[in-house]
Amino acid sequence: GGPGGAATPVAAGLANGWQREHLDILLVDQRGTGASNPLMCDLSRPGDTAQAYLEGPFLRTAEIAACAEQLSEIADLRLYTTPVAADDLNEIREALGYEFLNVNGGSYGSRAALVYMRRHPETVRTSIISGIAPIKFTNPLYHSSEAQKALERTLAECAATPACNAAFPDLRRKFNELIVRLDREPAQVEIRDPDTFRRTTVTLSRAGFAEALRVFMYYMPRARRVPLLIHRAWEGDFAPFVDAGVASNRGIRGLLAVGMLMSVVCAEDVPRIDPGMIDAVTSDTFLGDERVRSQMAACEHWPRGDVPETYGEPVDVDVPTLILSGTVDPVTGPDWGDEVASNLPRSVHVVVPGAHGVAGPCVQSITEAFVEAGSVDGLDLSCTSDVELPPFALR
């Protein structure tokens, strides 16, 4: 995931996995992550507190520029792109003597899988990709529109659920009023700093609120607290939202090697973003255009690697592929799975109630059957009709 996330931290979760009954599990920390020369950036400033977790990291251009200079002493930052990583994986496959791989990647890992499939299709027996971030997904241009879709679906579901609607009536209006209030005057909120454990007062701006909400919606079941947190904030009690937002932002930043993220995005995505599209894609969204514009500006300070001229073209290989999407994914919604599936003739796109990454007994049974058969033909997807989202948190 990420880019910037390592693969090996999931080893413990796979120790007793179904895969081990018949397969070897190969976890590869992509170059620049985990134990593969991690490109870590310290973007902190003297005196940073919990406030730092409520500010966009890509606004810290001076720190990003300093990180690029520091990391350039130990790495050629132009050589950490996805095509290079795909070739790394193939060399590892050859060195270990595997004829084929069953490739599995989620979020940015889905792009890594797609690029690998395109460069080395003859080595891929099956591919499982989830939370789809395809080549066309020019990160982070679509963050605003995807987050808006997920929020709209959540608000609509709350309004249609008697218990949620009774607890948080007229939530859409309250959310809109909350955004206007924060735009006019940021809130001062007292919380406990997660690093120092001391009480501290932070400033919650509209931009800080929006980015924290987007990240908080990534995973279940915590995303089911969104109506509650919005309602409490509208009433003037921002502390629960800020506590939750700081925790989720802190968690995701701790997982990512920002330098590797920059090397990928600045080479593969940002150069393909048409500035003229930004307003059209981000207007009428709670997140707005700050994230995409700040990340584009940060890339001006980062060495840019080369990618093939045809890099932006869809992946259209003859590899059996299981595509998994969550209904309320706030970053890579089901439309991206449809886009990928339209170019893969031996694929099936399964949309399951969930957020950024779906799991559970139904998904596992489908995955097991797919890997065993090596084909999407005749795959039984009927259990998906029984999958439900967790209930909304009401207090």
# chains A, B, ... in the order shown; residues from 1 in each chain; ligands from 1

call {"tool": "residues_around", "arguments": {"residues": "A:Thr123", "least_positions_apart": "2", "cutoff": "6 Å", "atoms": "only C-alpha atoms", "output": "compact mmCIF listing (two decimals) with N, CA and C atoms, in the first residue's frame"}}
result
# COMPACT_ATOMS: atom_id res chain seq x y z
N PHE A 100 5.95 -19.77 -11.46
CA PHE A 100 4.82 -18.85 -11.49
C PHE A 100 4.61 -18.24 -10.10
N HIS A 120 5.68 -8.87 -16.87
CA HIS A 120 6.08 -10.28 -16.79
C HIS A 120 4.84 -11.18 -16.77
N PRO A 121 3.96 -11.07 -17.75
CA PRO A 121 2.69 -11.81 -17.72
C PRO A 121 2.87 -13.32 -17.72

call {"tool": "residues_around", "arguments": {"residues": "A:Asp279", "least_positions_apart": "3", "cutoff": "9 Å", "atoms": "only C-alpha atoms", "output": "ChimeraX atom specification"}}
result
/A:275-276,282-283,288-289

call {"tool": "residues_around", "arguments": {"residues": "A:Val215", "least_positions_apart": "5", "cutoff": "9 Å", "atoms": "only C-alpha atoms", "output": "list of chain:residue names"}}
result
A:Ala147, A:Ala210, A:Gly245, A:Ser248, A:Asn249, A:Ile252, A:Pro330, A:Val331

call {"tool": "write_last_selection", "arguments": {"atoms": "C-alpha atoms", "output": "CSV table (one decimal), in the first residue's frame"}}
result
chain,number,residue,atom,x,y,z
A,147,ALA,CA,-13.8,10.7,-0.4
A,210,ALA,CA,-11.4,17.2,5.9
A,245,GLY,CA,-8.4,11.8,13.4
A,248,SER,CA,-5.7,7.4,12.3
A,249,ASN,CA,-3.3,10.0,10.7
A,252,ILE,CA,-1.0,5.7,8.5
A,330,PRO,CA,-13.0,6.7,0.4
A,331,VAL,CA,-10.0,6.6,-1.9

call {"tool": "select_by_dssp", "arguments": {"residues": "stretch 101-183 of chain A", "states": "helix (DSSP H, G or I)", "output": "VMD selection string"}}
result
chain A and resid 108 to 119 121 to 123 143 to 160 162 to 167 171 to 183

call {"tool": "select_by_dssp", "arguments": {"residues": "stretch 112-293 of chain A", "states": "strand (DSSP E or B)", "output": "PyMOL selection string"}}
result
chain A and resi 124-130+187-192+199-204

call {"tool": "closest_atom_pairs", "arguments": {"of": "stretch 283-333 of chain A", "to": "stretch 63-83 of chain A", "cutoff": "12 Å", "atoms": "only C-alpha atoms", "output": "JSON lines"}}
result
{"residue": "A:Ser294", "atom": "CA", "partner": "A:Ile64", "partner_atom": "CA", "distance": 11.5}
{"residue": "A:Gln295", "atom": "CA", "partner": "A:Ile64", "partner_atom": "CA", "distance": 10.4}
{"residue": "A:Ala297", "atom": "CA", "partner": "A:Ile64", "partner_atom": "CA", "distance": 10.5}
{"residue": "A:Ala298", "atom": "CA", "partner": "A:Ile64", "partner_atom": "CA", "distance": 6.9}
{"residue": "A:Cys299", "atom": "CA", "partner": "A:Ile64", "partner_atom": "CA", "distance": 8.8}
{"residue": "A:Glu300", "atom": "CA", "partner": "A:Ala65", "partner_atom": "CA", "distance": 8.7}
{"residue": "A:His301", "atom": "CA", "partner": "A:Ala65", "partner_atom": "CA", "distance": 5.2}
{"residue": "A:Trp302", "atom": "CA", "partner": "A:Ala68", "partner_atom": "CA", "distance": 6.0}
{"residue": "A:Pro303", "atom": "CA", "partner": "A:Arg78", "partner_atom": "CA", "distance": 6.0}
{"residue": "A:Arg304", "atom": "CA", "partner": "A:Arg78", "partner_atom": "CA", "distance": 5.4}
{"residue": "A:Gly305", "atom": "CA", "partner": "A:Arg78", "partner_atom": "CA", "distance": 3.8}
{"residue": "A:Asp306", "atom": "CA", "partner": "A:Arg78", "partner_atom": "CA", "distance": 7.1}
{"residue": "A:Val307", "atom": "CA", "partner": "A:Pro83", "partner_atom": "CA", "distance": 7.2}
{"residue": "A:Pro308", "atom": "CA", "partner": "A:Pro83", "partner_atom": "CA", "distance": 8.5}
{"residue": "A:Glu309", "atom": "CA", "partner": "A:Pro83", "partner_atom": "CA", "distance": 12.0}
{"residue": "A:Thr310", "atom": "CA", "partner": "A:Pro83", "partner_atom": "CA", "distance": 11.7}
{"residue": "A:Tyr311", "atom": "CA", "partner": "A:Pro83", "partner_atom": "CA", "distance": 9.0}

call {"tool": "write_last_selection", "arguments": {"atoms": "C-alpha atoms", "output": "short mmCIF file (atom, residue, chain, number, x, y, z; two decimals), in the first residue's frame"}}
result
data_model
loop_
_atom_site.label_atom_id
_atom_site.label_comp_id
_atom_site.auth_asym_id
_atom_site.auth_seq_id
_atom_site.Cartn_x
_atom_site.Cartn_y
_atom_site.Cartn_z
CA SER A 294 0.34 20.68 -2.15
CA GLN A 295 1.62 17.30 -3.33
CA ALA A 297 4.23 21.52 -5.29
CA ALA A 298 6.21 19.13 -3.09
CA CYS A 299 7.22 17.12 -6.16
CA GLU A 300 9.07 20.15 -7.50
CA HIS A 301 11.68 19.40 -4.83
CA TRP A 302 12.04 15.68 -5.58
CA PRO A 303 14.22 13.94 -8.23
CA ARG A 304 12.03 12.46 -10.95
CA GLY A 305 12.61 8.98 -12.31
CA ASP A 306 11.85 7.82 -15.82
CA VAL A 307 8.88 5.64 -16.74
CA PRO A 308 8.05 4.13 -20.14
CA GLU A 309 6.26 6.40 -22.60
CA THR A 310 3.37 3.93 -22.64
CA TYR A 311 3.11 3.84 -18.85
#

call {"tool": "residues_around", "arguments": {"residues": "A:Leu141", "least_positions_apart": "6", "cutoff": "9 Å", "atoms": "only C-alpha atoms", "output": "list in words"}}
result
Asp269, Val270, Ile273, Met277, Ile278, Val281, Thr282, Asp289, Arg291, Val292 and Arg293 of chain A

call {"tool": "residues_around", "arguments": {"residues": "A:Met220", "least_positions_apart": "3", "cutoff": "12 Å", "atoms": "only C-alpha atoms", "output": "ChimeraX atom specification"}}
result
/A:215-217,223-226,326-330,353-360,388-393
